[in-house]
Amino acid sequence: MLLSSIVSTLVSLTGAVLSAHALAVSGPGPTLPVQARDSDPSLVLTPAGYKSAGNVHQVPHGATVSHIGTDMHVTDKNGALLKIVPGPVGADARAATRTTSSPIPAQTGWITYASWVNPNATLPIKTFSADFVVPEPPQVYTNQTVFLFPALLPVDGTSILQPVLQYGSSGAGGGEYWSVAMWYVFDGDYYYVTPLVQVSSGQSLQGILSMVSDVGGYYTYTTSMSPVTAAGALTVNIWVQLGWATLTLEAYGVTDAKSYSAGTTTFNNILLQTTAETSPTAPSWSVINDEEDGITTTIDQAALNGKGVVVINY
Ligand SMILES: *[C@@H]1O[C@H](CO)[C@@H](O)[C@H](O)[C@H]1NC(C)=O
Ligand SMILES: *[C@@H]1O[C@H](CO)[C@@H](O)[C@H](O)[C@H]1NC(C)=O
């Protein structure tokens, strides 16, 4: 990603954050197990913002989502076909043509994040992992939703694979507690999410994203949140390389600093390796902050070799 696009991401991020703050969130509706935006109860919250509930597909632990032709096939851990989701009309037959106009971070409530873009697509990211501890609950709960996650995106940012720690409610469910789910978002319109698993403050987590294979540009990636997802990782088969790594705080319905946990959240033991089985030494992480909120990310150890440390300061 060029510096100019990082700057434009930052500029549009600020706008997105302001509008995310302005959203009035109502309680659970009669049919939706999730918060919906007042103005349109058919919308539910995802880590890519408020989206049509019909586009959020619950998939079981261990599921695989495969782009086949223009469709997406959902299979269970034994390979049995569960669902075929028709993809964007008029998309390239490989479903590699995406229509989302701006990257996901710019469209949604990303508050602050560390960002690393692979400079060499011939050496794809093979592994990206980070350890973190489930924080204390936010100091005040006013139905806000907080997401914390490592993620991999294609460099154009139009899709995302992420093991997500969530406080509050989303299209996956949830409430006044911490919970974990794996998400795959494609083209701003297709959301696949595994069952939420409740976790407790103080519990250690490891978010893991791995490239399993690259067969002629058809990539298999998995994501899991150890040890919560022992029941199975989420796997995707996609026609795009995921070359952009982030460590992200995303939030909706926040009012002030008390909407977050007190103190800091630290991503430890950050490991990023390419298919060469080595960790790049350059570039370093860059940081995108929403100055207005006063929430910042700092890079304590820029290393990608399993010793990296990135801190979110509330
Ligand atoms: C949170 O949601 C509940 C359930 O809809 C509602 O009763 C309560 O007033 C909401 N709280 C705030 C602070 O918005
Ligand atoms: C990218 O990686 C390939 C494979 O190791 C290497 O041959 C090439 O020189 C690298 N390109 C750059 C710009 O570093």
# chains A, B, ... in the order shown; residues from 1 in each chain; ligands from 1
>>> residues_around(residues="region 240-251 of chain A", least_positions_apart="6", cutoff="8 Å", atoms="only C-alpha atoms", output="PDB file with N, CA, C and O atoms, in the first residue's frame")
ATOM      1  N   ALA A  20     -19.744   6.354  13.166  1.00  0.00           N
ATOM      2  CA  ALA A  20     -19.985   5.177  13.997  1.00  0.00           C
ATOM      3  C   ALA A  20     -20.397   5.616  15.399  1.00  0.00           C
ATOM      4  O   ALA A  20     -21.288   5.037  16.001  1.00  0.00           O
ATOM      5  N   PRO A  47     -18.016  -6.866  12.189  1.00  0.00           N
ATOM      6  CA  PRO A  47     -16.753  -6.117  12.246  1.00  0.00           C
ATOM      7  C   PRO A  47     -16.498  -5.316  10.973  1.00  0.00           C
ATOM      8  O   PRO A  47     -15.488  -4.637  10.866  1.00  0.00           O
ATOM      9  N   ALA A  96     -12.881 -12.908  -8.252  1.00  0.00           N
ATOM     10  CA  ALA A  96     -11.747 -12.116  -7.786  1.00  0.00           C
ATOM     11  C   ALA A  96     -12.014 -10.623  -7.994  1.00  0.00           C
ATOM     12  O   ALA A  96     -11.278  -9.785  -7.515  1.00  0.00           O
ATOM     13  N   GLY A 109     -15.823   1.138  11.889  1.00  0.00           N
ATOM     14  CA  GLY A 109     -15.461   1.791  13.141  1.00  0.00           C
ATOM     15  C   GLY A 109     -14.092   1.433  13.665  1.00  0.00           C
ATOM     16  O   GLY A 109     -13.918   1.239  14.864  1.00  0.00           O
ATOM     17  N   TRP A 110     -13.099   1.339  12.773  1.00  0.00           N
ATOM     18  CA  TRP A 110     -11.743   1.072  13.264  1.00  0.00           C
ATOM     19  C   TRP A 110     -11.251   2.318  13.991  1.00  0.00           C
ATOM     20  O   TRP A 110     -11.164   3.401  13.411  1.00  0.00           O
ATOM     21  N   ILE A 111     -10.928   2.153  15.276  1.00  0.00           N
ATOM     22  CA  ILE A 111     -10.535   3.281  16.116  1.00  0.00           C
ATOM     23  C   ILE A 111      -9.028   3.504  16.024  1.00  0.00           C
ATOM     24  O   ILE A 111      -8.548   4.618  15.869  1.00  0.00           O
ATOM     25  N   THR A 112      -8.283   2.414  16.136  1.00  0.00           N
ATOM     26  CA  THR A 112      -6.828   2.504  16.058  1.00  0.00           C
ATOM     27  C   THR A 112      -6.301   1.142  15.643  1.00  0.00           C
ATOM     28  O   THR A 112      -6.892   0.114  15.989  1.00  0.00           O
ATOM     29  N   TYR A 113      -5.230   1.133  14.853  1.00  0.00           N
ATOM     30  CA  TYR A 113      -4.675  -0.158  14.474  1.00  0.00           C
ATOM     31  C   TYR A 113      -3.232  -0.039  14.036  1.00  0.00           C
ATOM     32  O   TYR A 113      -2.785   1.013  13.595  1.00  0.00           O
ATOM     33  N   ALA A 114      -2.532  -1.172  14.196  1.00  0.00           N
ATOM     34  CA  ALA A 114      -1.195  -1.322  13.642  1.00  0.00           C
ATOM     35  C   ALA A 114      -1.351  -2.035  12.303  1.00  0.00           C
ATOM     36  O   ALA A 114      -2.207  -2.904  12.147  1.00  0.00           O
ATOM     37  N   SER A 115      -0.528  -1.636  11.322  1.00  0.00           N
ATOM     38  CA  SER A 115      -0.717  -2.086   9.944  1.00  0.00           C
ATOM     39  C   SER A 115       0.622  -2.500   9.343  1.00  0.00           C
ATOM     40  O   SER A 115       1.617  -1.793   9.503  1.00  0.00           O
ATOM     41  N   TRP A 116       0.625  -3.648   8.692  1.00  0.00           N
ATOM     42  CA  TRP A 116       1.840  -4.104   8.018  1.00  0.00           C
ATOM     43  C   TRP A 116       1.442  -4.658   6.643  1.00  0.00           C
ATOM     44  O   TRP A 116       0.598  -5.555   6.564  1.00  0.00           O
ATOM     45  N   VAL A 117       2.037  -4.109   5.596  1.00  0.00           N
ATOM     46  CA  VAL A 117       1.700  -4.539   4.236  1.00  0.00           C
ATOM     47  C   VAL A 117       2.898  -5.246   3.631  1.00  0.00           C
ATOM     48  O   VAL A 117       4.013  -4.715   3.617  1.00  0.00           O
ATOM     49  N   ASN A 118       2.660  -6.455   3.141  1.00  0.00           N
ATOM     50  CA  ASN A 118       3.727  -7.252   2.531  1.00  0.00           C
ATOM     51  C   ASN A 118       4.219  -6.569   1.257  1.00  0.00           C
ATOM     52  O   ASN A 118       3.447  -6.375   0.325  1.00  0.00           O
ATOM     53  N   ALA A 121       4.749  -9.726  -3.095  1.00  0.00           N
ATOM     54  CA  ALA A 121       3.675 -10.709  -3.261  1.00  0.00           C
ATOM     55  C   ALA A 121       4.194 -12.086  -3.683  1.00  0.00           C
ATOM     56  O   ALA A 121       3.454 -13.070  -3.602  1.00  0.00           O
ATOM     57  N   PRO A 124       4.331 -14.690  -0.089  1.00  0.00           N
ATOM     58  CA  PRO A 124       3.104 -14.403   0.672  1.00  0.00           C
ATOM     59  C   PRO A 124       3.295 -14.609   2.171  1.00  0.00           C
ATOM     60  O   PRO A 124       4.160 -15.379   2.608  1.00  0.00           O
ATOM     61  N   ILE A 125       2.468 -13.925   2.952  1.00  0.00           N
ATOM     62  CA  ILE A 125       2.418 -14.173   4.395  1.00  0.00           C
ATOM     63  C   ILE A 125       1.905 -15.592   4.607  1.00  0.00           C
ATOM     64  O   ILE A 125       0.867 -15.971   4.082  1.00  0.00           O
ATOM     65  N   PHE A 128       0.533 -15.523  10.662  1.00  0.00           N
ATOM     66  CA  PHE A 128       0.459 -14.284  11.430  1.00  0.00           C
ATOM     67  C   PHE A 128      -0.263 -14.640  12.731  1.00  0.00           C
ATOM     68  O   PHE A 128      -1.376 -15.160  12.697  1.00  0.00           O
ATOM     69  N   GLN A 144     -22.494  -0.522  23.970  1.00  0.00           N
ATOM     70  CA  GLN A 144     -21.470  -0.386  22.923  1.00  0.00           C
ATOM     71  C   GLN A 144     -20.945  -1.774  22.525  1.00  0.00           C
ATOM     72  O   GLN A 144     -21.131  -2.744  23.265  1.00  0.00           O
ATOM     73  N   THR A 145     -20.310  -1.827  21.380  1.00  0.00           N
ATOM     74  CA  THR A 145     -19.648  -3.060  20.954  1.00  0.00           C
ATOM     75  C   THR A 145     -18.183  -2.750  20.686  1.00  0.00           C
ATOM     76  O   THR A 145     -17.868  -1.774  19.994  1.00  0.00           O
ATOM     77  N   VAL A 146     -17.307  -3.560  21.278  1.00  0.00           N
ATOM     78  CA  VAL A 146     -15.857  -3.392  21.099  1.00  0.00           C
ATOM     79  C   VAL A 146     -15.316  -4.670  20.468  1.00  0.00           C
ATOM     80  O   VAL A 146     -15.638  -5.777  20.927  1.00  0.00           O
ATOM     81  N   PHE A 147     -14.556  -4.533  19.406  1.00  0.00           N
ATOM     82  CA  PHE A 147     -13.899  -5.669  18.771  1.00  0.00           C
ATOM     83  C   PHE A 147     -12.380  -5.488  18.878  1.00  0.00           C
ATOM     84  O   PHE A 147     -11.866  -4.391  18.630  1.00  0.00           O
ATOM     85  N   LEU A 148     -11.677  -6.566  19.211  1.00  0.00           N
ATOM     86  CA  LEU A 148     -10.202  -6.568  19.210  1.00  0.00           C
ATOM     87  C   LEU A 148      -9.759  -7.774  18.403  1.00  0.00           C
ATOM     88  O   LEU A 148     -10.261  -8.883  18.631  1.00  0.00           O
ATOM     89  N   PHE A 149      -8.834  -7.579  17.465  1.00  0.00           N
ATOM     90  CA  PHE A 149      -8.453  -8.733  16.637  1.00  0.00           C
ATOM     91  C   PHE A 149      -7.180  -8.484  15.836  1.00  0.00           C
ATOM     92  O   PHE A 149      -6.889  -7.359  15.456  1.00  0.00           O
ATOM     93  N   PRO A 150      -6.439  -9.574  15.559  1.00  0.00           N
ATOM     94  CA  PRO A 150      -5.500  -9.561  14.449  1.00  0.00           C
ATOM     95  C   PRO A 150      -6.294  -9.909  13.196  1.00  0.00           C
ATOM     96  O   PRO A 150      -7.352 -10.551  13.291  1.00  0.00           O
ATOM     97  N   ALA A 151      -5.835  -9.494  12.023  1.00  0.00           N
ATOM     98  CA  ALA A 151      -6.570  -9.783  10.796  1.00  0.00           C
ATOM     99  C   ALA A 151      -5.620  -9.819   9.617  1.00  0.00           C
ATOM    100  O   ALA A 151      -4.537  -9.227   9.651  1.00  0.00           O
ATOM    101  N   LEU A 152      -6.032 -10.539   8.592  1.00  0.00           N
ATOM    102  CA  LEU A 152      -5.365 -10.472   7.286  1.00  0.00           C
ATOM    103  C   LEU A 152      -6.390 -10.019   6.250  1.00  0.00           C
ATOM    104  O   LEU A 152      -7.533 -10.500   6.241  1.00  0.00           O
ATOM    105  N   LEU A 153      -5.953  -9.112   5.388  1.00  0.00           N
ATOM    106  CA  LEU A 153      -6.785  -8.587   4.307  1.00  0.00           C
ATOM    107  C   LEU A 153      -5.978  -8.651   3.015  1.00  0.00           C
ATOM    108  O   LEU A 153      -4.741  -8.632   3.053  1.00  0.00           O
ATOM    109  N   PRO A 154      -6.662  -8.662   1.850  1.00  0.00           N
ATOM    110  CA  PRO A 154      -5.920  -8.402   0.616  1.00  0.00           C
ATOM    111  C   PRO A 154      -5.447  -6.947   0.654  1.00  0.00           C
ATOM    112  O   PRO A 154      -6.012  -6.138   1.398  1.00  0.00           O
ATOM    113  N   VAL A 155      -4.433  -6.602  -0.112  1.00  0.00           N
ATOM    114  CA  VAL A 155      -3.878  -5.249   0.017  1.00  0.00           C
ATOM    115  C   VAL A 155      -4.886  -4.167  -0.355  1.00  0.00           C
ATOM    116  O   VAL A 155      -4.738  -3.023   0.080  1.00  0.00           O
ATOM    117  N   GLY A 157      -7.898  -4.240   0.720  1.00  0.00           N
ATOM    118  CA  GLY A 157      -8.740  -4.106   1.908  1.00  0.00           C
ATOM    119  C   GLY A 157     -10.205  -4.437   1.714  1.00  0.00           C
ATOM    120  O   GLY A 157     -11.028  -4.113   2.576  1.00  0.00           O
ATOM    121  N   GLY A 217      -2.693 -19.487  -7.437  1.00  0.00           N
ATOM    122  CA  GLY A 217      -3.406 -18.267  -7.056  1.00  0.00           C
ATOM    123  C   GLY A 217      -4.740 -18.525  -6.380  1.00  0.00           C
ATOM    124  O   GLY A 217      -5.476 -17.585  -6.100  1.00  0.00           O
ATOM    125  N   TYR A 218      -5.071 -19.788  -6.115  1.00  0.00           N
ATOM    126  CA  TYR A 218      -6.268 -20.131  -5.314  1.00  0.00           C
ATOM    127  C   TYR A 218      -5.748 -20.485  -3.931  1.00  0.00           C
ATOM    128  O   TYR A 218      -5.110 -21.523  -3.734  1.00  0.00           O
ATOM    129  N   TYR A 219      -5.969 -19.579  -2.987  1.00  0.00           N
ATOM    130  CA  TYR A 219      -5.325 -19.668  -1.673  1.00  0.00           C
ATOM    131  C   TYR A 219      -6.260 -20.292  -0.646  1.00  0.00           C
ATOM    132  O   TYR A 219      -7.450 -19.981  -0.602  1.00  0.00           O
ATOM    133  N   PHE A 267      -0.844  -6.827  22.528  1.00  0.00           N
ATOM    134  CA  PHE A 267      -0.628  -7.974  21.643  1.00  0.00           C
ATOM    135  C   PHE A 267       0.849  -8.361  21.775  1.00  0.00           C
ATOM    136  O   PHE A 267       1.734  -7.566  21.453  1.00  0.00           O
ATOM    137  N   VAL A 310       2.726  -4.966  20.481  1.00  0.00           N
ATOM    138  CA  VAL A 310       1.924  -3.810  20.079  1.00  0.00           C
ATOM    139  C   VAL A 310       0.898  -3.544  21.172  1.00  0.00           C
ATOM    140  O   VAL A 310       0.234  -4.464  21.640  1.00  0.00           O
ATOM    141  N   ILE A 312      -2.359  -1.246  22.716  1.00  0.00           N
ATOM    142  CA  ILE A 312      -3.458  -0.290  22.536  1.00  0.00           C
ATOM    143  C   ILE A 312      -3.680   0.402  23.870  1.00  0.00           C
ATOM    144  O   ILE A 312      -3.864  -0.252  24.905  1.00  0.00           O
TER     145      ILE A 312
END
>>> select_by_dssp(residues="region 23-208 of chain A", states="alpha helix (DSSP H)", output="MDAnalysis selection string")
chainID A and resid 104:107
>>> write_last_selection(atoms="all heavy atoms", output="CSV table (one decimal), in the first residue's frame")
chain,number,residue,atom,x,y,z
A,104,ILE,N,-12.1,-1.8,3.9
A,104,ILE,CA,-12.9,-2.1,5.1
A,104,ILE,C,-12.6,-1.1,6.3
A,104,ILE,O,-13.5,-0.5,6.9
A,104,ILE,CB,-12.9,-3.5,5.5
A,104,ILE,CG1,-13.8,-4.4,4.6
A,104,ILE,CG2,-13.3,-3.8,7.0
A,104,ILE,CD1,-13.6,-5.9,4.7
A,105,PRO,N,-11.3,-0.9,6.6
A,105,PRO,CA,-11.0,0.0,7.7
A,105,PRO,C,-11.6,1.4,7.5
A,105,PRO,O,-11.9,2.1,8.5
A,105,PRO,CB,-9.5,0.1,7.7
A,105,PRO,CG,-9.0,-1.2,7.1
A,105,PRO,CD,-10.1,-1.5,6.0
A,106,ALA,N,-11.7,1.9,6.2
A,106,ALA,CA,-12.2,3.2,6.0
A,106,ALA,C,-13.7,3.3,6.1
A,106,ALA,O,-14.3,4.3,6.3
A,106,ALA,CB,-11.7,3.7,4.6
A,107,GLN,N,-14.4,2.1,5.9
A,107,GLN,CA,-15.8,2.1,5.9
A,107,GLN,C,-16.4,2.0,7.3
A,107,GLN,O,-17.6,2.1,7.5
A,107,GLN,CB,-16.4,0.9,5.2
A,107,GLN,CG,-16.1,0.8,3.7
A,107,GLN,CD,-16.6,-0.6,3.3
A,107,GLN,OE1,-17.7,-0.9,3.5
A,107,GLN,NE2,-15.7,-1.4,2.8
>>> closest_atom_pairs(of="chain A", to="ligand 2", cutoff="12 Å", atoms="only C-alpha atoms and all ligand atoms", output="tab-separated table")
residue	atom	partner	partner_atom_place_in_ligand_line	distance
A:Asn118	CA	ligand 2	1 (C)	10.0
A:Pro119	CA	ligand 2	13 (C)	7.2
A:Asn120	CA	ligand 2	1 (C)	4.9
A:Ala121	CA	ligand 2	1 (C)	7.0
A:Thr122	CA	ligand 2	2 (O)	5.2
A:Leu123	CA	ligand 2	2 (O)	5.3
A:Pro124	CA	ligand 2	2 (O)	9.0
A:Ile125	CA	ligand 2	2 (O)	11.6
A:Thr274	CA	ligand 2	5 (O)	9.8
A:Thr275	CA	ligand 2	5 (O)	9.1
A:Ala276	CA	ligand 2	5 (O)	7.3
A:Glu277	CA	ligand 2	5 (O)	11.0
A:Thr278	CA	ligand 2	5 (O)	10.8
A:Pro280	CA	ligand 2	14 (O)	10.3
A:Thr281	CA	ligand 2	14 (O)	11.7
A:Ala282	CA	ligand 2	14 (O)	10.3
A:Pro283	CA	ligand 2	14 (O)	11.3
>>> closest_residue(among="A:Gly306, A:Gly188, A:Pro135, A:Pro60", to="Val74 (chain A)", atoms="only C-alpha atoms")
A:Pro60
>>> residues_around(residues="Leu81 (chain A)", least_positions_apart="2", cutoff="12 Å", atoms="only C-alpha atoms", output="list of chain:residue names")
A:Val59, A:Pro60, A:Ala63, A:Thr64, A:Val65, A:Ser66, A:Met72, A:His73, A:Val74, A:Thr75, A:Asp76, A:Lys77, A:Asn78, A:Gly79, A:Lys83, A:Ile84, A:Val85
>>> atom_distance(atom1="atom 6 (C, counted along the ligand's line) of ligand 1", atom2="CA of Val228 (chain A)")
29.4 Å
>>> atom_distance(atom1="CA of Tyr141 (chain A)", atom2="CA of Val193 (chain A)")
24.1 Å
>>> select_by_dssp(residues="region 233-285 of chain A", states="strand (DSSP E)", output="list of chain:residue names")
A:Leu234, A:Thr235, A:Val236, A:Asn237, A:Ile238, A:Trp244, A:Ala245, A:Thr246, A:Leu247, A:Thr248, A:Leu249, A:Glu250, A:Ala251, A:Tyr252, A:Thr264, A:Thr265, A:Thr266, A:Phe267, A:Asn268, A:Asn269, A:Ile270, A:Leu271, A:Leu272, A:Gln273, A:Thr274
>>> closest_residue(among="A:Asn143, A:Ile238, A:Thr222, A:Tyr167", to="ligand 1", atoms="only C-alpha atoms and all ligand atoms")
A:Asn143
>>> closest_residue(among="A:Ala48, A:Ser170, A:Thr127, A:Thr298", to="Thr223 (chain A)", atoms="only C-alpha atoms")
A:Thr127
>>> atom_distance(atom1="CA of Thr265 (chain A)", atom2="CA of Phe132 (chain A)")
7.4 Å
>>> closest_residue(among="A:Val254, A:Met225, A:Val56, A:Val212", to="ligand 1", atoms="only C-alpha atoms and all ligand atoms")
A:Val254
>>> residues_around(residues="Asp300 (chain A)", least_positions_apart="5", cutoff="10 Å", atoms="only C-alpha atoms", output="ChimeraX atom specification")
/A:266-268,308-311
>>> closest_residue(among="A:Ser169, A:Thr296, A:Thr229, A:Ser200", to="Pro137 (chain A)", atoms="only C-alpha atoms")
A:Ser200
>>> closest_residue(among="A:Ser259, A:Pro88, A:Ser129, A:Val199", to="ligand 1", atoms="only C-alpha atoms and all ligand atoms")
A:Ser259
